[in-house]
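Colleague: Let me begin by handing over the structure; questions about it come next.
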Amino acid sequence: MHTFKANRLSLAIASLLFVPAVAFSNQAVAQQVDADESDASSDKVETIIVTAQKTKQSLQDVADAVSVVKGDDLDRLNVANIFDLSDQVPGLVVSSVQGYRPSISLRGVGNEIPDNAGTKQAVAYHIDGVFMANDYALWADLVDIDRVEVTRGPDGTIYGNSSTGGAVNVHTRQPEFFDGEGFVDVTLGQYDTRNLRGATNLLLSDELVLRVSGSHRQHEGFTENRALQHDYRLDDKNDTTMRAQLRWQPSADLDLMLQHMVFSSDTNGPALKGNFDTISDDPRVVYHDTAEYYKLDMDMTSLHANYEMDWATLRGIFSQQNYDMRRRLDMDRSSLTANDPAPLPMPADGVPVHLGQVPIPEFIGNLRQEDETYTAEINLVSPENDSGLSWVVGAFYLDTQIFSNTRNFYDAGRDGNPVSEVVAGPNVFANNADIDFINSDYRNFQSYSVFGQVAVELAEALTLTGGLRYTNNQFDDERCSLNCVPNRDPITSRPSDETDNVTGKIALDYRFSEQTMAYASVATGVKPAGSNSSTDTRFFPEKFDQEEVVAYEFGMKNDLWDNRLRLNTAAFYYDYSDYLFESSGIGRFNSGASNLPEAEIYGVEVEAQANLGSGWFLDANMTWMDSEITQGRDAIDRAVAENASIGLILAGASSDEINAAREATAVDLTGNQLAKIPEFAANLRLSHEYKLANSALLRTSLSYTHRGDYFARVFNSVERDLVESYDLAHLNVSYAPAHGKWDVALNVRNLFDSDAVASVHTDTFGIGITSAQYLAPRTVTMQMRYFF
């Protein structure tokens with residue numbers, strides 16, 4: 001098996017060498033054909049400047065796999081937030097947990113323990129350099145954006161914690177020292193879509209400027225919930241994002257910016273099509289008999305300081321972040337009660353083998369999570385020069401406090417009567433048999449690190465980059481589990497831990513010409529450890545270990561065809577240790593995070609942009625990936641354990657018999673695939689600009705996305721984990737007059753109205769219900785924008 005995989009990796013690397021060689025051949029032909037044509041600079045692919053390595057560089061000079069989406073392209077791609085960028089960037093998969101907590105995976109590295117409130121991301125998310133401590137920030141609207149940079153793979157020097165998968169860096173448009181620039185746009189369309197966005201730049205003095213931007217997006221739900229009152233719809237939107245940036249530049253050397261951002265969402269919640277919701281097979285119709293909601297409020301205040309010195313630039317970024325999330329879910333995803341017929345037929349022998357072959361009790365899940373975070377980062381960056389030497393040193397500090405409160409209830413008597421949601425002590429279970437799970441946790445996580453990286457030109461066109469990062473992580477948790485009363489009594493455990501680690505990166509790049517550069521790198525990354533709310537030492541510990549990854553990468557960057565074609569390729573291999581995932585324990589209330597000892601991920605990425613001439617442009621990317629758990633461990637799938645024990649529970653069997661049946665479902669995960677790794681994904685966008693007779697500009701953009709099948713969990717269950725492939729197309733047509741300050745655009749998302757599944761989720765807690773979340777149906781909108 002390993003020999004076969006090594007051969008596949010060698011073939012992938014060979015293909016990277018072959019593709020540019022073919023491109024060089026094509027370049028020569030193209031230059032001969034175009035010898036008599038004009039070489040206008042507008043025909044060339046745009047030079048893109050990024051700050052992925054904490055300093056300004058051309059994208060083609062960075063010895064790393066970095067993708068950039070320009071702010072002007074977000075509308076053409078129908079992108080509102082990071083969730084909409086899923087599959088638009090090589091290796092990027094964005095999913096959600098029960099529809100409310102987004103999770104980013106890059107090259108298969110993501111957050112596979114999202115039910116654990118204290119877990120850290122595997123893909124670091126930044127807004128203007130501020131590390132956003134909670135995944136909920138991903139829902140904020142991408143309004144007034146300059147660009148989004150996506151760095152694929154760990155960078156153990158620059159980004160450190162929470163970046164074993166890579167980093168997503170959102171760069172907003174900054175305040176500039178001129179007055180009156182801005183825009184306002186309105187979008188109307190299907191599903192009562194009503195979006196309002198705008199931004200303006202206000203010059204207050206020669207030294208002071210203010211930029212204000214905002215967005216409100218709303219539409220009715222895509223899915224009808226027919227179990228409740230008429231026209232109760234899920235997957236609705238009611239989101240508001242506001243940002244104010246006050247910039248003060250008292251001298252040419254000092255630049256300060258104070259930024260404040262708020263985001264709020266108040267909806268009926270996501271539409272989750274449960275596998276026991278059998279009344280309708282229409283994915284846009286559900287029968288949930290619990291009134292659901294999702295509410296989120298977040299705010300972030302940050303201070304950005306830049307001071308230019310002769311020998312370096314001093315940069316500081318300081319932030320304070322607050323998150324308040326409340327959600328209520330129908331955890332059985334159906335209108336069934338224990339008095340209703342079982343949704344699945346009973347076997348001939350009358351012995352249930354699946355949970356759906358017995359009446360389903362009603363389940364209700366409530367969660368509130370409140371976070372407060374402080375971050376501070378200081379960098380010293382070398383000045384731009386021609387010495388062949390550049391460097392950056394820095395320090396980072398993070399302090400996060402999290403309070404989460406879980407209240408899950410079910411019809412314990414299986415009598416079909418309304419579920420009681422009373423929680424009263426001293427013994428909550430004695431006072432209310434309908435309590436399924438009560439949990440109230442306080443978590444405090446602190447981290448500090450120092451790092452340094454240097455790039456030195458060893459010879460003409462040959463550069464070596466290396467760096468190290470030292471990080472100290474510490475968590476102190478306070479758990480109040482199971483028999484927890486409203487005043488958080490009794491405290492059941494106080495797990496804590498402290499770890500030190502050193503990560504880093506070394507890369508070698510060689511520039512064959514002004515148009516072609518190759519690089520090879522080795523980087524390490526760590527995702528912090530944490531704690532579980534209960535202990536089942538065979539299947540998960542009270543404290544789980546940190547994840548570690550060693551990433552090997554080889555890539556080439558090419559500007560070909562007289563700089564009209566950009567072709568970037570990368571091949572990678574990840575050696576993964578202590579991969580974190582969720583599993584169930586033997587008892588019904590035991591679930592948590594476990595570590596898989598060893599796994600590997602490998603793949604090939606191709607990314608291209610081309611100016612085809614005559615107003616035609618092509619953007620394309622393709623990704624091939626695979627993975628294997630090379631050393632697994634025993635684990636219990638919650639759904640399988642529930643299926644195996646439900647007959648015994650109904651028959652009144654003893655706890656020992658029930659637990660024995662559940663423990664017998666444990667399987668060794670060795671040989672399985674990791675989660676969220678489609679074998680093949682591709683995105684193509686063909687754009688055309690046509691100047692009309694009146695010199696007005698007509699822009700048309702048609703994009704196509706294919707995402708292959710993947711497993712949502714490491715259990716690789718075809719029934720519960722398989723997320724089937726989809727093909728989507730989006731259309732954008734815009735019109736801008738030659739001498740006007742406005743434009744108008746027609747957007748069609750999901751052009752062929754595909755019932756595409758965005759993600760699949762099986763509850764680790766509760767009764768192991770599996771549900772699918774669908775992408776939006778075909779939606780036609782019209783956007784009108786005015787510039788000033």
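To be explicit about the labels: the chains of the structure tokens are called A, B, and onward in the order shown, and within each one the residues are counted from 1, while ligands get numbers from 1 in the order they are shown.
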Env of stretch 199-213 of chain A: 10 Å cut, atoms = only C-alpha atoms, seq-sep filter 5 positions within chain, self excluded. Answer as an MDAnalysis selection string.

Modeller: chainID A and resid 143:145 172:185 241:251 255:261 787:788

Colleague: Do a neighbour search on stretch 736-744 of chain A at 12 Å with only C-alpha atoms, toss out local chain neighbours closer than 4 positions, and write the hits as a tab-separated table (two decimals) with C-alpha atoms, in the first residue's frame.

Modeller:
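Heads up, here's the output in part-v8.tsv:
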```tsv
chain	number	residue	atom	x	y	z
A	75	ASP	CA	-19.77	39.62	-6.39
A	76	ARG	CA	-19.08	37.89	-9.70
A	181	GLU	CA	-15.01	57.90	-2.47
A	182	GLY	CA	-17.48	55.10	-1.84
A	183	PHE	CA	-20.42	53.08	-3.12
A	184	VAL	CA	-23.91	51.93	-2.26
A	185	ASP	CA	-25.70	48.96	-3.79
A	186	VAL	CA	-29.09	47.31	-3.52
A	187	THR	CA	-29.89	43.71	-4.44
A	188	LEU	CA	-33.42	42.39	-4.96
A	689	GLU	CA	-15.74	41.90	-21.48
A	690	TYR	CA	-17.44	43.48	-24.51
A	691	LYS	CA	-17.45	47.17	-25.32
A	692	LEU	CA	-20.80	48.19	-26.82
A	693	ALA	CA	-21.28	50.76	-29.57
A	694	ASN	CA	-21.90	53.48	-26.97
A	695	SER	CA	-18.63	52.48	-25.21
A	696	ALA	CA	-20.55	50.93	-22.34
A	697	LEU	CA	-19.01	47.76	-20.91
A	698	LEU	CA	-20.86	44.46	-20.78
A	699	ARG	CA	-19.23	41.83	-18.53
A	700	THR	CA	-20.31	38.20	-18.48
A	732	ASN	CA	-23.11	36.98	-13.56
A	781	THR	CA	-31.14	38.49	-8.11
A	782	MET	CA	-30.55	41.95	-9.58
A	783	GLN	CA	-27.92	44.27	-8.13
A	784	MET	CA	-27.82	48.03	-8.70
A	785	ARG	CA	-24.73	49.91	-7.58
A	786	TYR	CA	-23.84	53.62	-7.46
A	787	PHE	CA	-20.29	54.93	-7.04
A	788	PHE	CA	-19.41	58.35	-5.63
```

Colleague: For atom CA of A:Lys120 and atom CA of A:Asn169, quote the distance in Å rounded to one decimal.

Modeller: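 A separation of 16.8 Å between them.
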
Colleague: From a DSSP calculation on the backbone, collect every residue of stretch 387-544 of chain A in strand (DSSP E or B) and output the set as number ranges by chain.

Modeller: A: 389-410, 435-459, 462-481, 493, 496-511, 516-527, 530-531, 536, 540, 543-544

Colleague: Compare A:Leu612, A:Thr569, A:Asp668, A:Lys237 by their minimum atom-to-atom distance to A:Trp624, counting only C-alpha atoms, and give me the closest one.

Modeller: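 For A:Trp624, the nearest of the given residues is A:Thr569.
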
Colleague: Calculate how many Å separate atom CA of A:Asp231 from atom CA of A:Gly766, rounding to one decimal.

Modeller: 28.4 Å

Colleague: Looking at A:Phe589, A:Tyr710, A:Trp391, A:Trp561, which one is nearest to A:Ala312, with distances taken over only C-alpha atoms?

Modeller: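 So, comparing all the options, the nearest one is A:Trp391.
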
Colleague: So which one's closest to A:Thr503, A:Phe263, A:Tyr293, A:Phe539, A:Phe451? Using only C-alpha atoms, please.

Modeller: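 That would be A:Phe451, the residue with the smallest distance to A:Thr503.
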
Colleague: Where does DSSP see helix (DSSP H, G or I) in stretch 101-199 of chain A, if you list the residues as a PyMOL selection string?

Modeller: chain A and resi 135-139

Colleague: List the spatial neighbours of A:His216 as a list in words - criterion: any atom at most 6 Å away, only C-alpha atoms, same-chain residues fewer than 3 positions off excluded.

Modeller: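 In the requested format, the answer is Asn195, Leu196, Asp239 and Thr240 of chain A.
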
Colleague: Pick the closest to A:Ala271 from A:Ser440, A:Ser96, A:Asn672, A:Asn432: which is it, counting only C-alpha atoms?

Modeller: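 Selected residue with least distance to A:Ala271: A:Ser96.
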
Colleague: Within 8 Å of A:Leu482, counting only C-alpha atoms, which residues show up once you throw out same-chain ones fewer than 4 positions away? Write them as a list of chain:residue names, please.

Modeller: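 The contact residues come out as A:Phe437, A:Ile438, A:Asn439, A:Phe589.
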
Colleague: Counting only C-alpha atoms, what is within 7 Å of A:Ala756, bar same-chain residues fewer than 2 positions away, as a list in words?

Modeller: Tyr726, Ser754, Ala758, Tyr774 and Leu775 of chain A

Colleague: Contacts between stretch 498-501 of chain A and stretch 507-599 of chain A, please, where a residue of stretch 507-599 of chain A counts if it comes within 12 Å (with only C-alpha atoms); show its shortest atom pair and distance in Å to one decimal, rows by chain and ascending number, as JSON lines.

Modeller:
```
{"residue": "A:Thr524", "atom": "CA", "partner": "A:Asn501", "partner_atom": "CA", "distance": 10.6}
{"residue": "A:Gly525", "atom": "CA", "partner": "A:Asn501", "partner_atom": "CA", "distance": 9.6}
{"residue": "A:Val526", "atom": "CA", "partner": "A:Asn501", "partner_atom": "CA", "distance": 8.0}
{"residue": "A:Lys527", "atom": "CA", "partner": "A:Asn501", "partner_atom": "CA", "distance": 10.4}
{"residue": "A:Pro528", "atom": "CA", "partner": "A:Thr499", "partner_atom": "CA", "distance": 8.3}
{"residue": "A:Ala529", "atom": "CA", "partner": "A:Thr499", "partner_atom": "CA", "distance": 8.2}
{"residue": "A:Gly530", "atom": "CA", "partner": "A:Glu498", "partner_atom": "CA", "distance": 9.8}
{"residue": "A:Ser531", "atom": "CA", "partner": "A:Glu498", "partner_atom": "CA", "distance": 11.8}
{"residue": "A:Lys543", "atom": "CA", "partner": "A:Glu498", "partner_atom": "CA", "distance": 11.0}
{"residue": "A:Phe544", "atom": "CA", "partner": "A:Thr499", "partner_atom": "CA", "distance": 11.9}
{"residue": "A:Asp545", "atom": "CA", "partner": "A:Thr499", "partner_atom": "CA", "distance": 9.6}
{"residue": "A:Gln546", "atom": "CA", "partner": "A:Thr499", "partner_atom": "CA", "distance": 8.7}
{"residue": "A:Glu547", "atom": "CA", "partner": "A:Asn501", "partner_atom": "CA", "distance": 11.2}
{"residue": "A:Glu548", "atom": "CA", "partner": "A:Asn501", "partner_atom": "CA", "distance": 10.0}
```

Colleague: Take the residues that were just selected and, keeping all heavy atoms, output them as a JSON list (two decimals), in the first residue's frame.

Modeller:
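Result file is part28.json:
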```json
[["chain", "number", "residue", "atom", "x", "y", "z"],
["A", 524, "THR", "N", 6.24, 22.43, 9.70],
["A", 524, "THR", "CA", 5.55, 21.71, 10.77],
["A", 524, "THR", "C", 4.48, 22.60, 11.37],
["A", 524, "THR", "O", 4.59, 23.84, 11.35],
["A", 524, "THR", "CB", 6.54, 21.27, 11.86],
["A", 524, "THR", "OG1", 7.18, 22.43, 12.41],
["A", 524, "THR", "CG2", 7.58, 20.33, 11.31],
["A", 525, "GLY", "N", 3.45, 21.98, 11.90],
["A", 525, "GLY", "CA", 2.36, 22.72, 12.52],
["A", 525, "GLY", "C", 1.78, 21.96, 13.69],
["A", 525, "GLY", "O", 1.88, 20.73, 13.77],
["A", 526, "VAL", "N", 1.20, 22.69, 14.62],
["A", 526, "VAL", "CA", 0.61, 22.11, 15.83],
["A", 526, "VAL", "C", -0.74, 22.76, 16.08],
["A", 526, "VAL", "O", -0.90, 23.98, 15.93],
["A", 526, "VAL", "CB", 1.53, 22.32, 17.05],
["A", 526, "VAL", "CG1", 0.81, 21.99, 18.35],
["A", 526, "VAL", "CG2", 2.78, 21.47, 16.93],
["A", 527, "LYS", "N", -1.73, 21.92, 16.43],
["A", 527, "LYS", "CA", -3.02, 22.43, 16.91],
["A", 527, "LYS", "C", -3.13, 22.07, 18.38],
["A", 527, "LYS", "O", -2.90, 20.92, 18.76],
["A", 527, "LYS", "CB", -4.18, 21.85, 16.11],
["A", 527, "LYS", "CG", -5.51, 22.51, 16.46],
["A", 527, "LYS", "CD", -6.62, 22.16, 15.47],
["A", 527, "LYS", "CE", -7.19, 20.79, 15.71],
["A", 527, "LYS", "NZ", -8.41, 20.55, 14.91],
["A", 528, "PRO", "N", -3.51, 23.03, 19.25],
["A", 528, "PRO", "CA", -3.43, 22.81, 20.71],
["A", 528, "PRO", "C", -4.29, 21.68, 21.23],
["A", 528, "PRO", "O", -5.29, 21.28, 20.62],
["A", 528, "PRO", "CB", -3.90, 24.16, 21.28],
["A", 528, "PRO", "CG", -3.67, 25.14, 20.20],
["A", 528, "PRO", "CD", -3.90, 24.40, 18.92],
["A", 529, "ALA", "N", -3.88, 21.17, 22.40],
["A", 529, "ALA", "CA", -4.62, 20.14, 23.11],
["A", 529, "ALA", "C", -5.83, 20.75, 23.82],
["A", 529, "ALA", "O", -6.03, 21.97, 23.80],
["A", 529, "ALA", "CB", -3.70, 19.45, 24.12],
["A", 530, "GLY", "N", -6.64, 19.90, 24.45],
["A", 530, "GLY", "CA", -7.81, 20.36, 25.17],
["A", 530, "GLY", "C", -8.38, 19.26, 26.04],
["A", 530, "GLY", "O", -7.74, 18.23, 26.25],
["A", 531, "SER", "N", -9.61, 19.46, 26.51],
["A", 531, "SER", "CA", -10.20, 18.51, 27.44],
["A", 531, "SER", "C", -11.59, 18.10, 27.00],
["A", 531, "SER", "O", -12.27, 18.79, 26.24],
["A", 531, "SER", "CB", -10.27, 19.12, 28.84],
["A", 531, "SER", "OG", -11.27, 20.11, 28.91],
["A", 543, "LYS", "N", -8.11, 14.52, 28.90],
["A", 543, "LYS", "CA", -7.31, 15.51, 28.17],
["A", 543, "LYS", "C", -6.76, 14.85, 26.92],
["A", 543, "LYS", "O", -6.11, 13.81, 26.99],
["A", 543, "LYS", "CB", -6.16, 16.02, 29.05],
["A", 543, "LYS", "CG", -6.62, 16.80, 30.28],
["A", 543, "LYS", "CD", -5.45, 17.30, 31.10],
["A", 543, "LYS", "CE", -4.75, 16.16, 31.82],
["A", 543, "LYS", "NZ", -3.70, 16.67, 32.77],
["A", 544, "PHE", "N", -7.05, 15.45, 25.77],
["A", 544, "PHE", "CA", -6.53, 14.89, 24.52],
["A", 544, "PHE", "C", -5.26, 15.63, 24.11],
["A", 544, "PHE", "O", -5.01, 16.77, 24.52],
["A", 544, "PHE", "CB", -7.58, 14.92, 23.41],
["A", 544, "PHE", "CG", -8.24, 16.26, 23.19],
["A", 544, "PHE", "CD1", -7.62, 17.26, 22.45],
["A", 544, "PHE", "CD2", -9.51, 16.51, 23.70],
["A", 544, "PHE", "CE1", -8.23, 18.47, 22.23],
["A", 544, "PHE", "CE2", -10.13, 17.73, 23.48],
["A", 544, "PHE", "CZ", -9.49, 18.71, 22.74],
["A", 545, "ASP", "N", -4.46, 14.96, 23.29],
["A", 545, "ASP", "CA", -3.15, 15.50, 22.89],
["A", 545, "ASP", "C", -3.30, 16.51, 21.76],
["A", 545, "ASP", "O", -4.30, 16.57, 21.05],
["A", 545, "ASP", "CB", -2.24, 14.36, 22.42],
["A", 545, "ASP", "CG", -1.89, 13.40, 23.54],
["A", 545, "ASP", "OD1", -1.87, 13.83, 24.70],
["A", 545, "ASP", "OD2", -1.67, 12.20, 23.24],
["A", 546, "GLN", "N", -2.25, 17.31, 21.58],
["A", 546, "GLN", "CA", -2.21, 18.25, 20.46],
["A", 546, "GLN", "C", -1.96, 17.51, 19.16],
["A", 546, "GLN", "O", -1.32, 16.46, 19.13],
["A", 546, "GLN", "CB", -1.14, 19.30, 20.69],
["A", 546, "GLN", "CG", 0.28, 18.75, 20.78],
["A", 546, "GLN", "CD", 1.30, 19.82, 21.16],
["A", 546, "GLN", "OE1", 0.94, 20.91, 21.60],
["A", 546, "GLN", "NE2", 2.57, 19.53, 20.96],
["A", 547, "GLU", "N", -2.51, 18.06, 18.08],
["A", 547, "GLU", "CA", -2.23, 17.53, 16.73],
["A", 547, "GLU", "C", -0.87, 18.03, 16.26],
["A", 547, "GLU", "O", -0.46, 19.14, 16.58],
["A", 547, "GLU", "CB", -3.28, 18.03, 15.73],
["A", 547, "GLU", "CG", -4.62, 17.37, 15.80],
["A", 547, "GLU", "CD", -5.52, 17.81, 14.64],
["A", 547, "GLU", "OE1", -5.16, 18.77, 13.94],
["A", 547, "GLU", "OE2", -6.56, 17.20, 14.47],
["A", 548, "GLU", "N", -0.21, 17.20, 15.46],
["A", 548, "GLU", "CA", 1.05, 17.62, 14.85],
["A", 548, "GLU", "C", 1.08, 17.15, 13.40],
["A", 548, "GLU", "O", 0.62, 16.06, 13.08],
["A", 548, "GLU", "CB", 2.24, 17.02, 15.61],
["A", 548, "GLU", "CG", 2.34, 17.48, 17.06],
["A", 548, "GLU", "CD", 3.54, 16.92, 17.78],
["A", 548, "GLU", "OE1", 4.48, 16.47, 17.08],
["A", 548, "GLU", "OE2", 3.55, 16.93, 19.02]]
```

Colleague: From the options A:Gly129, A:Asp411, A:Tyr100, A:Phe445, which residue's atoms come nearest to A:Leu329, counting only C-alpha atoms?

Modeller: A:Tyr100

Colleague: Pick out the residues sitting within 12 Å of stretch 594-596 of chain A, and hand them over as a PyMOL selection string; count only C-alpha atoms, and ignore anything fewer than 2 positions along from it in its own chain.

Modeller: chain A and resi 112-113+116+527+529-532+535-548+576-585+591-592+598-600+628-636+668-674+714-715

Colleague: What lies within 8 Å of stretch 341-351 of chain A using only C-alpha atoms, ignoring chain neighbours under 6 positions off, as a ChimeraX atom specification?

Modeller: /A:276-278,357-360,647

Colleague: Under the rule that only C-alpha atoms are counted, which of A:Gly708, A:Pro777, A:Gly153, A:Gly91 is the nearest residue to A:Ala729?

Modeller: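 Answer, going by the shortest atom-to-atom distance: A:Pro777.
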
Colleague: Work out how far atom CA of A:Thr471 is from atom CA of A:Tyr448, in Å to one decimal.

Modeller: 5.8 Å
